[in-house]
Amino acid sequence: MKSRPLGRYVAGLLLLAATACTTGPSLEHQGEITAEPGDSHELTIGSAGFTESDVLAQMYALLLDRAGYSTTILSVTNRELYEPALESGQIDVVPEYAATFADWLNAKKNGPNATPVGSPDLDATMTALRKLAVPRGLTVLDPGRAVDQNAFAVTAAYARQHQLGTLTDLGKSGLPVRLAAGDECVQRPYCEPGLKKTYGIDITAVDPKGVGTTPAKQAVQSGQDQMVLTTTTDATLDAFGLVLLADDKHLQNADYIVPVVNRAQAGSPGVIKALGKLNTVLTTQDLASLNQQVDSWRRLPQDVARAYLESKRLI
């Protein structure tokens, strides 16, 4: 586990205490938000505490600083904490993932067994997400080009040997596949059931080593398993000799990066314009490279974020 600055840790604890003690009318019962969007020039940006979220938060801060805002970054590693803080205005801006956040808000409103509203269709996902976000005082900005989806990797040698470029190729090959993944994979529709139903892949077993963990990748590297569940922005695949197989039938949901803001604090055109600049340049491949610079090269997220934005002439 990476250490983080004490100030951010203490701030996270204070946020936890404040969130746990919050009282007042439930946001579940608020109507449509009709007030003008706010334009506070002192904004708190939330990070979920992992590399990608840290880098995105740093880029948001730099873009907003350039636009004349004063920003603070707060690391809160649990969505159960930072989402209510976003609603209450303790956090003003946070990087999120469209389909995952849509399903989170849907479950919060309709219960944990609610039918998912996130899907591989980005437009449908964004429509559902915004419908759920508005009554909570949240504005979901436009998604960019970068997407962090579940993905499946095999060794480059295995892919060459069996001429595999896509998950369809693997299904057609008839090869038996032992899959390194989280233990929930046996039930999740995007994992074992989806691989079998959508692609016809012969999953013989799920090796519960986690999603994209080092032991999971090592198991595939050694040949103990044939495929690993990871993400499209995994920065370490090359180090293990792994390559992604394309999700050519779109099994995975549209987890595009989207900024979400507290409308009363940060819903102004100035914020939207500043953060929207990232949409035209940041790609999935860029995000993977930025993650790699932090995770493998041990560079600081703020330095990586600044260098990237400077290279794109955004700051």
# chains A, B, ... in the order shown; residues from 1 in each chain; ligands from 1

call {"tool": "residues_around", "arguments": {"residues": "Gln285 (chain A)", "least_positions_apart": "2", "cutoff": "8 Å", "atoms": "only C-alpha atoms", "output": "PyMOL selection string"}}
result
chain A and resi 146+233+283+287-289

call {"tool": "select_by_dssp", "arguments": {"residues": "region 126-301 of chain A", "states": "strand (DSSP E or B)", "output": "short mmCIF file (atom, residue, chain, number, x, y, z; two decimals) with C-alpha atoms, in the first residue's frame"}}
result
data_model
loop_
_atom_site.label_atom_id
_atom_site.label_comp_id
_atom_site.auth_asym_id
_atom_site.auth_seq_id
_atom_site.Cartn_x
_atom_site.Cartn_y
_atom_site.Cartn_z
CA LEU A 138 -24.58 16.69 -9.13
CA THR A 139 -23.63 17.61 -12.67
CA VAL A 140 -21.91 15.02 -14.84
CA VAL A 147 -11.97 4.64 -20.86
CA ASN A 150 -12.24 -4.48 -17.46
CA ALA A 151 -9.99 -6.25 -19.93
CA PHE A 152 -8.44 -9.66 -20.45
CA ALA A 153 -4.78 -10.39 -21.16
CA VAL A 154 -2.76 -13.41 -22.23
CA THR A 155 0.96 -13.81 -22.79
CA THR A 166 -9.59 -10.74 -29.91
CA PRO A 176 -9.41 -24.50 -22.35
CA VAL A 177 -8.75 -21.37 -20.28
CA ARG A 178 -7.95 -21.08 -16.60
CA LEU A 179 -8.67 -17.46 -15.67
CA ALA A 180 -6.87 -15.45 -12.97
CA ALA A 181 -9.40 -12.99 -11.55
CA ASP A 202 -14.12 -22.50 -22.42
CA ILE A 203 -13.39 -21.24 -18.90
CA THR A 204 -12.36 -24.33 -16.97
CA ALA A 205 -11.66 -22.58 -13.66
CA VAL A 206 -11.32 -19.17 -12.04
CA ASP A 207 -8.11 -18.78 -10.05
CA PRO A 208 -9.03 -16.23 -7.33
CA MET A 227 -5.66 -15.40 -19.03
CA VAL A 228 -5.95 -12.62 -16.45
CA LEU A 229 -8.69 -10.09 -15.73
CA THR A 230 -7.18 -6.60 -15.60
CA THR A 231 -8.07 -3.14 -16.97
CA LEU A 242 1.19 -9.83 -21.52
CA VAL A 243 -1.07 -8.38 -24.21
CA LEU A 244 -4.77 -7.51 -24.16
CA LEU A 245 -7.29 -9.35 -26.29
CA ALA A 246 -9.79 -6.95 -27.85
CA TYR A 256 -15.39 6.41 -19.72
CA ILE A 257 -13.72 9.00 -17.50
CA VAL A 258 -16.21 11.71 -16.50
CA PRO A 259 -15.75 14.66 -14.14
CA VAL A 260 -18.63 14.93 -11.67
CA VAL A 261 -19.19 18.24 -9.87
CA ASN A 262 -21.32 19.62 -7.09
#

call {"tool": "residues_around", "arguments": {"residues": "His250 (chain A)", "least_positions_apart": "6", "cutoff": "10 Å", "atoms": "only C-alpha atoms", "output": "list of chain:residue names"}}
result
A:Ser119, A:Pro120, A:Asp121, A:Tyr190, A:Thr198

call {"tool": "select_by_dssp", "arguments": {"residues": "region 36-276 of chain A", "states": "helix (DSSP H, G or I)", "output": "count of residues only"}}
result
104

call {"tool": "residues_around", "arguments": {"residues": "Pro116 (chain A)", "least_positions_apart": "6", "cutoff": "9 Å", "atoms": "only C-alpha atoms", "output": "PDB file with C-alpha atoms, in the first residue's frame"}}
result
ATOM      1  CA  ALA A  99     -21.077   3.060 -16.048  1.00  0.00           C
ATOM      2  CA  ALA A 102     -24.391   5.150 -12.836  1.00  0.00           C
ATOM      3  CA  ASP A 103     -24.822   1.730 -11.252  1.00  0.00           C
ATOM      4  CA  TRP A 104     -23.633   3.085  -7.887  1.00  0.00           C
ATOM      5  CA  ASN A 106     -28.887   3.485  -9.167  1.00  0.00           C
ATOM      6  CA  ALA A 107     -28.228   1.022  -6.339  1.00  0.00           C
TER       7      ALA A 107
END

call {"tool": "closest_residue", "arguments": {"among": "A:Gln161, A:Gln90, A:Thr77, A:Ser70", "to": "Ala264 (chain A)", "atoms": "only C-alpha atoms"}}
result
A:Gln90
